[in-house]
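Participant: Pasting in a structure now, in structure tokens, and then I'll have a few things to ask.
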Amino acid sequence: MTITVNRRPVEHVEGETVGDLLKRMKYSFPLVVVKIDGRVIAKSAFSSTPIEDGSSVDVIHLTSGG
Amino acid sequence: MALARAGVGRLVVVDFDNVEESNLNRQYYFLDQVGRPKLECLRENIERAVRGCQIDMVDMKLERGSMFRPFGDVDVVVEALDRASTKAAFIEEVMLRLPEKPIVAASGVAGIGASERIVYSRYGKLHLIEDPEARSSDDDVLLAPKVCLFAHYQANVVLEILLEVNG
């Protein structure tokens with residue numbers, strides 16, 4: 001029962017959503033792009049998208065400036 | 001400017017802003033252009049530098065739901081936004097709406113020094129040039145050296161993609 005978050009193994013929690021995972025990982029940074037197994041998850045779907053066991057999650061943090 | 005100098009034949013540039021004096025510490029404009037539209041000034045500056053680069057100017061403010069539209073027929077999308085909230089929304093929207101389109105983005109361009117922290121990460125079609133330890137520009141300075149390092153790193157990745165070296 002393991003998922004991968006930013007290439008590190010993390011315990012899988014049944015029924016956990018993207019939003020829950022971000023909280024559990026203490027990713028409080030407001031500006032992120034999330035991909036699960038290469039698929040982009042819209043921010044509006046964070047609280048309704050469950051994370052399946054074995055998923056590979058990328059949480060890409062973005063800092064402003066340019 | 002780097003892409004035009006490198007011989008890229010067509011640029012689609014999207015902006016709605018005028019040149020401000022506060023841009024001149026990092027962006028490719030001149031004192032006598034302050035107050036004028038950035039699109040017009042950028043075209044003028046590129047045309048003074050090189051021949052043969054077609055510049056399509058799109059005067060629009062990027063807003064959720066329509067920001068991917070100008071980029072339907074380009075080979076590569078370059079994210080060059082300043083506010084991080086727009087940046088995240090733009091990247092998300094381009095990847096969702098134009099899933100086959102490579103996008104080259106930058107994160108963490110504020111500050112001085114720490115050039116060696118800049119890394120290139122690839123997440124599928126997203127090519128991200130980032131300083132993972134940089135603070136937000138909201139509490140740090142934006143200056144030409146680091147901003148241009150990122151911009152030119154982005155341009156270099158764009159060339160690789162265009163030439164399908166790293167496609």
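Just so we're on the same page: first chain in the structure tokens is A, next is B, and so on; residues restart at 1 for each chain, and ligands are numbered from 1 in the order they show up.
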Any idea what's packed within 10 Å of range 138-147 of chain B, counting only C-alpha atoms, ignoring anything in its chain fewer than 3 positions away? Could you give it as a ChimeraX atom specification?
Facilitator: /A:63-66 /B:22-28,82-84,106,108-115,118,134-135,150-153
Participant: Residues within 7 Å of range 10-15 of chain A, please, as a PyMOL selection string. Count only C-alpha atoms; anything in the same chain fewer than 2 positions from it doesn't count.
Facilitator: chain A and resi 1-5+8+17+50+53
Participant: For chain B, work out the contacting residues on chain A at 10 Å, counting only C-alpha atoms, and write them as an MDAnalysis selection string.
Facilitator: chainID A and resid 30:35 37:43 58 60:66
Participant: Print the selection's residues with N, CA and C atoms to a file, as a CSV table (one decimal), in the first residue's frame.
Facilitator:
chain,number,residue,atom,x,y,z
A,30,PRO,N,0.4,27.5,-1.8
A,30,PRO,CA,-0.9,27.6,-2.5
A,30,PRO,C,-0.8,27.3,-4.0
A,31,LEU,N,0.4,27.5,-4.6
A,31,LEU,CA,0.5,27.4,-6.0
A,31,LEU,C,1.3,26.2,-6.5
A,32,VAL,N,0.5,25.2,-6.8
A,32,VAL,CA,1.1,23.9,-7.3
A,32,VAL,C,0.3,23.4,-8.5
A,33,VAL,N,1.1,22.6,-9.3
A,33,VAL,CA,0.4,21.9,-10.3
A,33,VAL,C,0.6,20.4,-9.9
A,34,VAL,N,-0.5,19.6,-10.0
A,34,VAL,CA,-0.4,18.2,-9.5
A,34,VAL,C,-0.7,17.3,-10.7
A,35,LYS,N,0.2,16.3,-10.8
A,35,LYS,CA,0.0,15.3,-11.8
A,35,LYS,C,0.0,13.9,-11.1
A,37,ASP,N,0.3,10.0,-12.2
A,37,ASP,CA,0.7,9.1,-13.3
A,37,ASP,C,0.7,9.9,-14.6
A,38,GLY,N,1.2,11.1,-14.6
A,38,GLY,CA,1.4,11.9,-15.8
A,38,GLY,C,0.1,12.7,-16.2
A,39,ARG,N,-1.0,12.5,-15.5
A,39,ARG,CA,-2.2,13.2,-15.9
A,39,ARG,C,-2.4,14.4,-15.0
A,40,VAL,N,-2.6,15.6,-15.6
A,40,VAL,CA,-2.8,16.8,-14.8
A,40,VAL,C,-4.1,16.8,-14.1
A,41,ILE,N,-4.1,17.2,-12.8
A,41,ILE,CA,-5.4,17.3,-12.1
A,41,ILE,C,-5.7,18.8,-11.9
A,42,ALA,N,-6.8,19.2,-12.4
A,42,ALA,CA,-7.2,20.6,-12.2
A,42,ALA,C,-7.3,21.0,-10.7
A,43,LYS,N,-7.0,22.2,-10.4
A,43,LYS,CA,-7.0,22.6,-9.0
A,43,LYS,C,-8.5,22.4,-8.4
A,58,ASP,N,3.1,13.8,-8.8
A,58,ASP,CA,4.1,14.9,-8.8
A,58,ASP,C,3.4,16.1,-8.3
A,60,ILE,N,4.2,19.9,-8.2
A,60,ILE,CA,5.1,20.9,-8.7
A,60,ILE,C,4.9,22.2,-8.1
A,61,HIS,N,5.8,22.7,-7.4
A,61,HIS,CA,5.6,24.0,-6.7
A,61,HIS,C,6.1,25.2,-7.6
A,62,LEU,N,5.3,26.2,-7.6
A,62,LEU,CA,5.7,27.4,-8.5
A,62,LEU,C,5.9,28.6,-7.7
A,63,THR,N,7.0,29.3,-7.9
A,63,THR,CA,7.2,30.5,-7.2
A,63,THR,C,7.1,31.7,-8.1
A,64,SER,N,6.6,32.8,-7.7
A,64,SER,CA,6.4,33.9,-8.6
A,64,SER,C,7.6,34.6,-9.0
A,65,GLY,N,7.5,35.5,-10.0
A,65,GLY,CA,8.6,36.3,-10.5
A,65,GLY,C,8.9,36.1,-11.9
A,66,GLY,N,9.2,37.2,-12.6
A,66,GLY,CA,9.6,37.0,-14.0
A,66,GLY,C,9.6,38.3,-14.8
Participant: Go ahead and compute the interatomic distance for CA of Gly7 in chain B and CA of Met57 in chain B, in Å to one decimal.
Facilitator: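 About the pair CA of Gly7 in chain B and CA of Met57 in chain B: they are 18.1 Å apart.
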Participant: Rounded to one decimal in Å, what is the spacing between CA of Tyr27 in chain A and CA of Ser56 in chain A?
Facilitator: 16.3 Å
Participant: Skip Gly19 in chain A itself and residues of its chain fewer than 4 positions away, then list as a PDB file with all heavy atoms, in the first residue's frame all residues within 8 Å of it, counting only C-alpha atoms.
Facilitator:
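What ended up in out-v8.pdb:
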ATOM      1  N   LYS A  23      -2.422  18.154   2.267  1.00  0.00           N
ATOM      2  CA  LYS A  23      -2.445  18.513   3.702  1.00  0.00           C
ATOM      3  C   LYS A  23      -1.539  17.571   4.490  1.00  0.00           C
ATOM      4  O   LYS A  23      -0.749  18.001   5.316  1.00  0.00           O
ATOM      5  CB  LYS A  23      -3.881  18.419   4.239  1.00  0.00           C
ATOM      6  CG  LYS A  23      -4.625  19.726   4.121  1.00  0.00           C
ATOM      7  CD  LYS A  23      -5.979  19.664   4.813  1.00  0.00           C
ATOM      8  CE  LYS A  23      -7.019  20.393   3.951  1.00  0.00           C
ATOM      9  NZ  LYS A  23      -8.249  19.646   3.770  1.00  0.00           N
ATOM     10  N   PHE A  46      -9.160  18.953  -6.915  1.00  0.00           N
ATOM     11  CA  PHE A  46      -8.282  18.394  -5.873  1.00  0.00           C
ATOM     12  C   PHE A  46      -9.082  17.639  -4.802  1.00  0.00           C
ATOM     13  O   PHE A  46      -8.681  16.585  -4.345  1.00  0.00           O
ATOM     14  CB  PHE A  46      -7.478  19.498  -5.171  1.00  0.00           C
ATOM     15  CG  PHE A  46      -6.273  19.978  -5.943  1.00  0.00           C
ATOM     16  CD1 PHE A  46      -5.998  19.506  -7.223  1.00  0.00           C
ATOM     17  CD2 PHE A  46      -5.399  20.897  -5.376  1.00  0.00           C
ATOM     18  CE1 PHE A  46      -4.886  19.953  -7.920  1.00  0.00           C
ATOM     19  CE2 PHE A  46      -4.280  21.352  -6.072  1.00  0.00           C
ATOM     20  CZ  PHE A  46      -4.027  20.885  -7.344  1.00  0.00           C
ATOM     21  N   SER A  47     -10.231  18.218  -4.389  1.00  0.00           N
ATOM     22  CA  SER A  47     -10.956  17.621  -3.260  1.00  0.00           C
ATOM     23  C   SER A  47     -11.852  16.474  -3.706  1.00  0.00           C
ATOM     24  O   SER A  47     -12.425  15.779  -2.878  1.00  0.00           O
ATOM     25  CB  SER A  47     -11.768  18.690  -2.537  1.00  0.00           C
ATOM     26  OG  SER A  47     -12.671  19.261  -3.446  1.00  0.00           O
TER      27      SER A  47
END
Participant: Separation of CA of Glu47 in chain B and CA of Leu62 in chain B, in Å?
Facilitator: 25.3 Å
Participant: Near Ile46 in chain B, counting only C-alpha atoms, which residues have an atom at most 8 Å away, once you skip same-chain residues fewer than 4 positions from it, shown as a VMD selection string?
Facilitator: chain B and resid 1 4 42 50 53
Participant: Write the residues you've just listed into a file as a PDB file, in the first residue's frame, and include C-alpha atoms for each of them.
Facilitator:
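Written file, part21.pdb:
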ATOM      1  CA  MET B   1      14.733  38.192 -27.919  1.00  0.00           C
ATOM      2  CA  ALA B   4      14.511  35.667 -32.381  1.00  0.00           C
ATOM      3  CA  LEU B  42       9.062  44.209 -28.101  1.00  0.00           C
ATOM      4  CA  VAL B  50      17.289  40.685 -36.430  1.00  0.00           C
ATOM      5  CA  CYS B  53      11.152  36.865 -37.343  1.00  0.00           C
TER       6      CYS B  53
END
Participant: Among chain A, which ones does DSSP assign to helix (DSSP H, G or I) (computed from the backbone)? Answer as a PDB file with C-alpha atoms, in the first residue's frame.
Facilitator:
ATOM      1  CA  VAL A  18      -5.389  15.070  -3.761  1.00  0.00           C
ATOM      2  CA  GLY A  19      -6.418  17.812  -1.335  1.00  0.00           C
ATOM      3  CA  ASP A  20      -6.019  15.460   1.659  1.00  0.00           C
ATOM      4  CA  LEU A  21      -2.620  14.310   0.456  1.00  0.00           C
ATOM      5  CA  LEU A  22      -1.351  17.886   0.094  1.00  0.00           C
ATOM      6  CA  LYS A  23      -2.445  18.513   3.702  1.00  0.00           C
ATOM      7  CA  ARG A  24      -0.860  15.284   4.969  1.00  0.00           C
ATOM      8  CA  LYS A  43      -7.038  22.560  -8.952  1.00  0.00           C
ATOM      9  CA  SER A  44     -10.833  22.596  -8.865  1.00  0.00           C
ATOM     10  CA  ALA A  45     -10.798  18.778  -8.729  1.00  0.00           C
TER      11      ALA A  45
END
